$ cat entry.json   # JSON, N, CA and C atoms
[["chain", "number", "residue", "atom", "x", "y", "z"],
["T", 1, "MET", "N", 12.48, 5.60, -10.93],
["T", 1, "MET", "CA", 11.59, 5.01, -9.93],
["T", 1, "MET", "C", 11.61, 5.89, -8.68],
["T", 2, "TYR", "N", 10.49, 5.97, -8.04],
["T", 2, "TYR", "CA", 10.34, 6.83, -6.87],
["T", 2, "TYR", "C", 10.69, 6.13, -5.57],
["T", 3, "LEU", "N", 11.01, 4.87, -5.61],
["T", 3, "LEU", "CA", 11.22, 4.08, -4.40],
["T", 3, "LEU", "C", 12.19, 4.73, -3.41],
["T", 4, "PRO", "N", 13.36, 5.22, -3.83],
["T", 4, "PRO", "CA", 14.27, 5.84, -2.85],
["T", 4, "PRO", "C", 13.64, 7.01, -2.10],
["T", 5, "LYS", "N", 12.82, 7.79, -2.77],
["T", 5, "LYS", "CA", 12.17, 8.92, -2.09],
["T", 5, "LYS", "C", 11.19, 8.44, -1.04],
["T", 6, "PHE", "N", 10.47, 7.36, -1.35],
["T", 6, "PHE", "CA", 9.50, 6.83, -0.39],
["T", 6, "PHE", "C", 10.19, 6.20, 0.81],
["T", 7, "THR", "N", 11.24, 5.45, 0.57],
["T", 7, "THR", "CA", 11.94, 4.82, 1.70],
["T", 7, "THR", "C", 12.64, 5.89, 2.56],
["T", 8, "LYS", "N", 13.15, 6.94, 1.92],
["T", 8, "LYS", "CA", 13.77, 8.04, 2.67],
["T", 8, "LYS", "C", 12.73, 8.73, 3.56],
["T", 9, "ALA", "N", 11.47, 8.74, 3.09],
["T", 9, "ALA", "CA", 10.38, 9.34, 3.86],
["T", 9, "ALA", "C", 9.86, 8.39, 4.94],
["T", 10, "GLY", "N", 10.47, 7.20, 5.06],
["T", 10, "GLY", "CA", 10.09, 6.27, 6.11],
["T", 10, "GLY", "C", 9.08, 5.22, 5.71],
["T", 11, "ALA", "N", 8.76, 5.14, 4.44],
["T", 11, "ALA", "CA", 7.76, 4.18, 3.98],
["T", 11, "ALA", "C", 8.36, 2.83, 3.66],
["T", 12, "THR", "N", 7.57, 1.80, 3.85],
["T", 12, "THR", "CA", 7.89, 0.46, 3.38],
["T", 12, "THR", "C", 6.95, 0.19, 2.21],
["T", 13, "VAL", "N", 7.52, -0.05, 1.05],
["T", 13, "VAL", "CA", 6.71, -0.23, -0.16],
["T", 13, "VAL", "C", 6.50, -1.72, -0.41],
["T", 14, "VAL", "N", 5.26, -2.10, -0.65],
["T", 14, "VAL", "CA", 4.92, -3.46, -1.07],
["T", 14, "VAL", "C", 3.87, -3.34, -2.16],
["T", 15, "ALA", "N", 3.77, -4.37, -2.97],
["T", 15, "ALA", "CA", 2.74, -4.42, -4.00],
["T", 15, "ALA", "C", 1.87, -5.64, -3.76],
["T", 16, "LEU", "N", 0.60, -5.50, -4.10],
["T", 16, "LEU", "CA", -0.35, -6.59, -3.97],
["T", 16, "LEU", "C", -0.96, -6.85, -5.34],
["T", 17, "SER", "N", -1.23, -8.12, -5.62],
["T", 17, "SER", "CA", -1.77, -8.48, -6.93],
["T", 17, "SER", "C", -2.60, -9.74, -6.81],
["T", 18, "VAL", "N", -3.51, -9.91, -7.75],
["T", 18, "VAL", "CA", -4.31, -11.14, -7.82],
["T", 18, "VAL", "C", -3.68, -12.15, -8.78],
["T", 19, "ASP", "N", -2.55, -11.79, -9.36],
["T", 19, "ASP", "CA", -1.88, -12.69, -10.31],
["T", 19, "ASP", "C", -1.39, -13.95, -9.61],
["T", 20, "THR", "N", -1.13, -14.98, -10.39],
["T", 20, "THR", "CA", -0.61, -16.22, -9.84],
["T", 20, "THR", "C", 0.83, -16.00, -9.37],
["T", 21, "PRO", "N", 1.33, -16.84, -8.47],
["T", 21, "PRO", "CA", 2.71, -16.69, -8.03],
["T", 21, "PRO", "C", 3.71, -16.68, -9.19],
["T", 22, "TRP", "N", 3.47, -17.52, -10.19],
["T", 22, "TRP", "CA", 4.36, -17.58, -11.36],
["T", 22, "TRP", "C", 4.33, -16.25, -12.11],
["T", 23, "GLU", "N", 3.13, -15.68, -12.30],
["T", 23, "GLU", "CA", 3.01, -14.38, -12.99],
["T", 23, "GLU", "C", 3.68, -13.27, -12.18],
["T", 24, "LEU", "N", 3.53, -13.32, -10.87],
["T", 24, "LEU", "CA", 4.15, -12.31, -10.01],
["T", 24, "LEU", "C", 5.67, -12.35, -10.10],
["T", 25, "LYS", "N", 6.21, -13.55, -10.09],
["T", 25, "LYS", "CA", 7.67, -13.70, -10.19],
["T", 25, "LYS", "C", 8.17, -13.15, -11.52],
["T", 26, "LYS", "N", 7.45, -13.48, -12.59],
["T", 26, "LYS", "CA", 7.81, -13.00, -13.93],
["T", 26, "LYS", "C", 7.73, -11.48, -14.00],
["T", 27, "LEU", "N", 6.66, -10.91, -13.44],
["T", 27, "LEU", "CA", 6.46, -9.46, -13.44],
["T", 27, "LEU", "C", 7.58, -8.76, -12.66],
["T", 28, "ALA", "N", 7.87, -9.27, -11.47],
["T", 28, "ALA", "CA", 8.91, -8.66, -10.64],
["T", 28, "ALA", "C", 10.26, -8.68, -11.34],
["T", 29, "LYS", "N", 10.54, -9.76, -12.03],
["T", 29, "LYS", "CA", 11.81, -9.86, -12.76],
["T", 29, "LYS", "C", 11.83, -8.89, -13.94],
["T", 30, "ARG", "N", 10.73, -8.84, -14.69],
["T", 30, "ARG", "CA", 10.67, -7.97, -15.88],
["T", 30, "ARG", "C", 10.78, -6.50, -15.50],
["T", 31, "LEU", "N", 10.14, -6.12, -14.39],
["T", 31, "LEU", "CA", 10.16, -4.72, -13.97],
["T", 31, "LEU", "C", 11.33, -4.41, -13.02],
["T", 32, "GLU", "N", 12.12, -5.44, -12.71],
["T", 32, "GLU", "CA", 13.26, -5.29, -11.81],
["T", 32, "GLU", "C", 12.83, -4.66, -10.47],
["T", 33, "LEU", "N", 11.76, -5.19, -9.91],
["T", 33, "LEU", "CA", 11.24, -4.65, -8.65],
["T", 33, "LEU", "C", 12.17, -5.01, -7.51],
["T", 34, "THR", "N", 12.38, -4.07, -6.63],
["T", 34, "THR", "CA", 13.26, -4.28, -5.48],
["T", 34, "THR", "C", 12.46, -4.30, -4.18],
["T", 35, "PHE", "N", 11.15, -4.39, -4.29],
["T", 35, "PHE", "CA", 10.28, -4.47, -3.12],
["T", 35, "PHE", "C", 9.40, -5.70, -3.27],
["T", 36, "PRO", "N", 8.84, -6.20, -2.16],
["T", 36, "PRO", "CA", 8.05, -7.42, -2.24],
["T", 36, "PRO", "C", 6.73, -7.23, -2.97],
["T", 37, "VAL", "N", 6.32, -8.29, -3.66],
["T", 37, "VAL", "CA", 5.03, -8.33, -4.34],
["T", 37, "VAL", "C", 4.29, -9.55, -3.79],
["T", 38, "TYR", "N", 3.14, -9.31, -3.20],
["T", 38, "TYR", "CA", 2.37, -10.38, -2.57],
["T", 38, "TYR", "C", 1.08, -10.65, -3.35],
["T", 39, "ARG", "N", 0.69, -11.90, -3.33],
["T", 39, "ARG", "CA", -0.56, -12.29, -3.97],
["T", 39, "ARG", "C", -1.68, -12.18, -2.94],
["T", 40, "VAL", "N", -2.79, -11.57, -3.36],
["T", 40, "VAL", "CA", -3.98, -11.51, -2.51],
["T", 40, "VAL", "C", -5.12, -12.20, -3.24],
["T", 41, "PRO", "N", -5.98, -12.87, -2.51],
["T", 41, "PRO", "CA", -7.12, -13.54, -3.14],
["T", 41, "PRO", "C", -8.09, -12.52, -3.74],
["T", 42, "LEU", "N", -8.75, -12.92, -4.79],
["T", 42, "LEU", "CA", -9.74, -12.06, -5.45],
["T", 42, "LEU", "C", -10.83, -11.64, -4.46],
["T", 43, "GLN", "N", -11.11, -12.47, -3.49],
["T", 43, "GLN", "CA", -12.12, -12.15, -2.48],
["T", 43, "GLN", "C", -11.75, -10.86, -1.74],
["T", 44, "ILE", "N", -10.48, -10.67, -1.43],
["T", 44, "ILE", "CA", -10.02, -9.45, -0.76],
["T", 44, "ILE", "C", -10.21, -8.24, -1.67],
["T", 45, "VAL", "N", -9.90, -8.43, -2.95],
["T", 45, "VAL", "CA", -10.07, -7.36, -3.93],
["T", 45, "VAL", "C", -11.54, -6.95, -3.98],
["T", 46, "ARG", "N", -12.42, -7.91, -3.95],
["T", 46, "ARG", "CA", -13.86, -7.61, -3.95],
["T", 46, "ARG", "C", -14.26, -6.86, -2.68],
["T", 47, "GLN", "N", -13.73, -7.28, -1.53],
["T", 47, "GLN", "CA", -14.07, -6.62, -0.27],
["T", 47, "GLN", "C", -13.61, -5.16, -0.26],
["T", 48, "LEU", "N", -12.52, -4.87, -0.95],
["T", 48, "LEU", "CA", -12.01, -3.50, -1.03],
["T", 48, "LEU", "C", -12.64, -2.71, -2.18],
["T", 49, "HIS", "N", -13.58, -3.35, -2.89],
["T", 49, "HIS", "CA", -14.28, -2.73, -4.03],
["T", 49, "HIS", "C", -13.32, -2.31, -5.14],
["T", 50, "LEU", "N", -12.34, -3.16, -5.40],
["T", 50, "LEU", "CA", -11.34, -2.86, -6.42],
["T", 50, "LEU", "C", -11.52, -3.67, -7.69],
["T", 51, "GLN", "N", -12.48, -4.56, -7.72],
["T", 51, "GLN", "CA", -12.68, -5.40, -8.90],
["T", 51, "GLN", "C", -13.46, -4.62, -9.95],
["T", 52, "GLU", "N", -13.03, -4.76, -11.20],
["T", 52, "GLU", "CA", -13.72, -4.13, -12.31],
["T", 52, "GLU", "C", -14.77, -5.08, -12.85],
["T", 53, "GLY", "N", -16.02, -4.88, -12.47],
["T", 53, "GLY", "CA", -17.09, -5.74, -12.95],
["T", 53, "GLY", "C", -16.83, -7.19, -12.63],
["T", 54, "SER", "N", -16.96, -8.05, -13.63],
["T", 54, "SER", "CA", -16.74, -9.48, -13.42],
["T", 54, "SER", "C", -15.32, -9.90, -13.79],
["T", 55, "ARG", "N", -14.47, -8.94, -14.11],
["T", 55, "ARG", "CA", -13.10, -9.26, -14.50],
["T", 55, "ARG", "C", -12.33, -9.86, -13.33],
["T", 56, "THR", "N", -11.26, -10.56, -13.67],
["T", 56, "THR", "CA", -10.46, -11.20, -12.63],
["T", 56, "THR", "C", -9.21, -10.40, -12.28],
["T", 57, "HIS", "N", -9.20, -9.13, -12.60],
["T", 57, "HIS", "CA", -8.09, -8.28, -12.18],
["T", 57, "HIS", "C", -8.63, -7.06, -11.46],
["T", 58, "ALA", "N", -7.76, -6.38, -10.75],
["T", 58, "ALA", "CA", -8.18, -5.27, -9.92],
["T", 58, "ALA", "C", -7.82, -3.93, -10.56],
["T", 59, "ARG", "N", -8.56, -2.91, -10.17],
["T", 59, "ARG", "CA", -8.19, -1.55, -10.54],
["T", 59, "ARG", "C", -6.96, -1.17, -9.72],
["T", 60, "PRO", "N", -6.12, -0.29, -10.25],
["T", 60, "PRO", "CA", -4.94, 0.12, -9.48],
["T", 60, "PRO", "C", -5.37, 0.90, -8.24],
["T", 61, "ALA", "N", -4.72, 0.62, -7.14],
["T", 61, "ALA", "CA", -5.04, 1.32, -5.90],
["T", 61, "ALA", "C", -3.76, 1.56, -5.13],
["T", 62, "THR", "N", -3.72, 2.67, -4.45],
["T", 62, "THR", "CA", -2.58, 3.02, -3.61],
["T", 62, "THR", "C", -3.11, 3.34, -2.22],
["T", 63, "PHE", "N", -2.50, 2.73, -1.22],
["T", 63, "PHE", "CA", -2.88, 2.97, 0.17],
["T", 63, "PHE", "C", -1.63, 3.34, 0.95],
["T", 64, "ILE", "N", -1.80, 4.27, 1.87],
["T", 64, "ILE", "CA", -0.76, 4.55, 2.85],
["T", 64, "ILE", "C", -1.37, 4.19, 4.20],
["T", 65, "VAL", "N", -0.69, 3.28, 4.89],
["T", 65, "VAL", "CA", -1.16, 2.77, 6.17],
["T", 65, "VAL", "C", -0.15, 3.21, 7.23],
["T", 66, "ASN", "N", -0.65, 3.79, 8.31],
["T", 66, "ASN", "CA", 0.28, 4.25, 9.34],
["T", 66, "ASN", "C", 0.72, 3.10, 10.24],
["T", 67, "SER", "N", 1.56, 3.39, 11.20],
["T", 67, "SER", "CA", 2.13, 2.35, 12.05],
["T", 67, "SER", "C", 1.10, 1.68, 12.95],
["T", 68, "LYS", "N", -0.08, 2.27, 13.06],
["T", 68, "LYS", "CA", -1.17, 1.68, 13.86],
["T", 68, "LYS", "C", -2.10, 0.84, 13.00],
["T", 69, "GLY", "N", -1.78, 0.73, 11.71],
["T", 69, "GLY", "CA", -2.61, -0.07, 10.80],
["T", 69, "GLY", "C", -3.80, 0.68, 10.23],
["T", 70, "ARG", "N", -3.85, 1.98, 10.41],
["T", 70, "ARG", "CA", -4.96, 2.80, 9.91],
["T", 70, "ARG", "C", -4.62, 3.34, 8.52],
["T", 71, "VAL", "N", -5.57, 3.21, 7.60],
["T", 71, "VAL", "CA", -5.38, 3.77, 6.26],
["T", 71, "VAL", "C", -5.53, 5.28, 6.37],
["T", 72, "VAL", "N", -4.45, 6.01, 6.04],
["T", 72, "VAL", "CA", -4.47, 7.47, 6.12],
["T", 72, "VAL", "C", -4.56, 8.11, 4.74],
["T", 73, "TYR", "N", -4.42, 7.30, 3.70],
["T", 73, "TYR", "CA", -4.55, 7.80, 2.33],
["T", 73, "TYR", "C", -4.94, 6.64, 1.44],
["T", 74, "GLN", "N", -5.85, 6.90, 0.51],
["T", 74, "GLN", "CA", -6.15, 5.90, -0.50],
["T", 74, "GLN", "C", -6.51, 6.57, -1.81],
["T", 75, "HIS", "N", -6.08, 5.94, -2.87],
["T", 75, "HIS", "CA", -6.41, 6.38, -4.23],
["T", 75, "HIS", "C", -6.78, 5.13, -5.01],
["T", 76, "ILE", "N", -8.00, 5.09, -5.51],
["T", 76, "ILE", "CA", -8.44, 3.97, -6.33],
["T", 76, "ILE", "C", -8.58, 4.48, -7.75],
["T", 77, "GLY", "N", -7.73, 3.96, -8.62],
["T", 77, "GLY", "CA", -7.70, 4.43, -10.00],
["T", 77, "GLY", "C", -8.86, 3.92, -10.83],
["T", 78, "LYS", "N", -9.18, 4.67, -11.86],
["T", 78, "LYS", "CA", -10.24, 4.26, -12.79],
["T", 78, "LYS", "C", -9.69, 3.40, -13.92],
["T", 79, "SER", "N", -8.37, 3.49, -14.14],
["T", 79, "SER", "CA", -7.71, 2.71, -15.19],
["T", 79, "SER", "C", -6.25, 2.54, -14.79],
["T", 80, "VAL", "N", -5.53, 1.72, -15.53],
["T", 80, "VAL", "CA", -4.14, 1.42, -15.19],
["T", 80, "VAL", "C", -3.28, 2.68, -15.03],
["T", 81, "PRO", "N", -3.36, 3.66, -15.93],
["T", 81, "PRO", "CA", -2.50, 4.83, -15.76],
["T", 81, "PRO", "C", -2.96, 5.82, -14.68],
["T", 82, "ASP", "N", -4.14, 5.60, -14.10],
["T", 82, "ASP", "CA", -4.68, 6.52, -13.10],
["T", 82, "ASP", "C", -4.02, 6.24, -11.75],
["T", 83, "ARG", "N", -2.94, 6.94, -11.50],
["T", 83, "ARG", "CA", -2.14, 6.75, -10.27],
["T", 83, "ARG", "C", -1.99, 8.10, -9.57],
["T", 84, "PRO", "N", -1.80, 8.10, -8.27],
["T", 84, "PRO", "CA", -1.60, 9.37, -7.57],
["T", 84, "PRO", "C", -0.24, 9.98, -7.90],
["T", 85, "LYS", "N", -0.17, 11.29, -7.76],
["T", 85, "LYS", "CA", 1.09, 11.98, -8.01],
["T", 85, "LYS", "C", 2.07, 11.70, -6.87],
["T", 86, "GLU", "N", 3.33, 11.59, -7.24],
["T", 86, "GLU", "CA", 4.39, 11.35, -6.27],
["T", 86, "GLU", "C", 4.35, 12.40, -5.16],
["T", 87, "SER", "N", 4.14, 13.66, -5.53],
["T", 87, "SER", "CA", 4.16, 14.75, -4.55],
["T", 87, "SER", "C", 3.07, 14.58, -3.50],
["T", 88, "VAL", "N", 1.91, 14.08, -3.90],
["T", 88, "VAL", "CA", 0.80, 13.87, -2.97],
["T", 88, "VAL", "C", 1.17, 12.77, -1.97],
["T", 89, "LEU", "N", 1.75, 11.69, -2.46],
["T", 89, "LEU", "CA", 2.14, 10.59, -1.59],
["T", 89, "LEU", "C", 3.22, 11.03, -0.60],
["T", 90, "LEU", "N", 4.22, 11.75, -1.10],
["T", 90, "LEU", "CA", 5.31, 12.21, -0.24],
["T", 90, "LEU", "C", 4.81, 13.20, 0.81],
["T", 91, "GLN", "N", 3.87, 14.05, 0.43],
["T", 91, "GLN", "CA", 3.31, 15.00, 1.40],
["T", 91, "GLN", "C", 2.53, 14.26, 2.48],
["T", 92, "THR", "N", 1.79, 13.25, 2.09],
["T", 92, "THR", "CA", 1.04, 12.45, 3.08],
["T", 92, "THR", "C", 2.00, 11.76, 4.04],
["T", 93, "LEU", "N", 3.09, 11.20, 3.52],
["T", 93, "LEU", "CA", 4.08, 10.56, 4.38],
["T", 93, "LEU", "C", 4.72, 11.57, 5.34],
["T", 94, "LYS", "N", 4.98, 12.76, 4.83],
["T", 94, "LYS", "CA", 5.60, 13.81, 5.65],
["T", 94, "LYS", "C", 4.69, 14.21, 6.80],
["T", 95, "GLU", "N", 3.38, 14.21, 6.56],
["T", 95, "GLU", "CA", 2.42, 14.63, 7.58],
["T", 95, "GLU", "C", 2.12, 13.57, 8.63],
["T", 96, "MET", "N", 2.63, 12.38, 8.43],
["T", 96, "MET", "CA", 2.33, 11.30, 9.38],
["T", 96, "MET", "C", 3.17, 11.42, 10.63]]

$ encode --input "entry.json" --output "structure tokens"
Amino acid sequence: MYLPKFTKAGATVVALSVDTPWELKKLAKRLELTFPVYRVPLQIVRQLHLQEGSRTHARPATFIVNSKGRVVYQHIGKSVPDRPKESVLLQTLKEM
């Protein structure tokens, strides 16, 4: 897991999902997540243009938000495995 590298770079990692609280708890336990996972309403997912058609789940997305609340990096995946490279995220954090 890349979490130690991100926290060393000064990042706070959180995950957002449209899953139910019960599903989120189960997922966090299964994946042994050590960072918070928050539920967001599907309406927010729609506002961020992350919904796949009429489906009730979101495309994977990664955002880096600076201390002023400004999004300085975003990657919206086309499918579940479409994620940004660790090196790109770490470089963005380094440049902040």

$ select_by_dssp --input "entry.json" --residues "range 4-86 of chain T" --states "strand (DSSP E)" --output "PyMOL selection string"
chain T and resi 15-17+37-39+61-65+71-76

$ residues_around --input "entry.json" --residues "Leu93 in chain T" --least-positions-apart "2" --cutoff "8 Å" --atoms "only C-alpha atoms" --output "number ranges by chain"
T: 9-11, 64, 89-91, 95-96

$ closest_residue --input "entry.json" --among "T:Lys94, T:Ala61, T:Pro21, T:Glu86" --to "Gln74 in chain T" --atoms "all atoms listed in the file"
T:Ala61

$ atom_distance --input "entry.json" --atom1 "atom C of Leu3 in chain T" --atom2 "atom N of Ile76 in chain T"
20.3 Å

$ atom_distance --input "entry.json" --atom1 "CA of Leu24 in chain T" --atom2 "CA of Lys8 in chain T"
25.8 Å

$ select_by_dssp --input "entry.json" --residues "chain T" --states "helix (DSSP H, G or I)" --output "number ranges by chain"
T: 3-8, 21-31, 42-47, 86-95

$ closest_residue --input "entry.json" --among "T:Val13, T:Leu27, T:Ala58, T:Val65" --to "Pro41 in chain T" --atoms "only C-alpha atoms"
T:Ala58
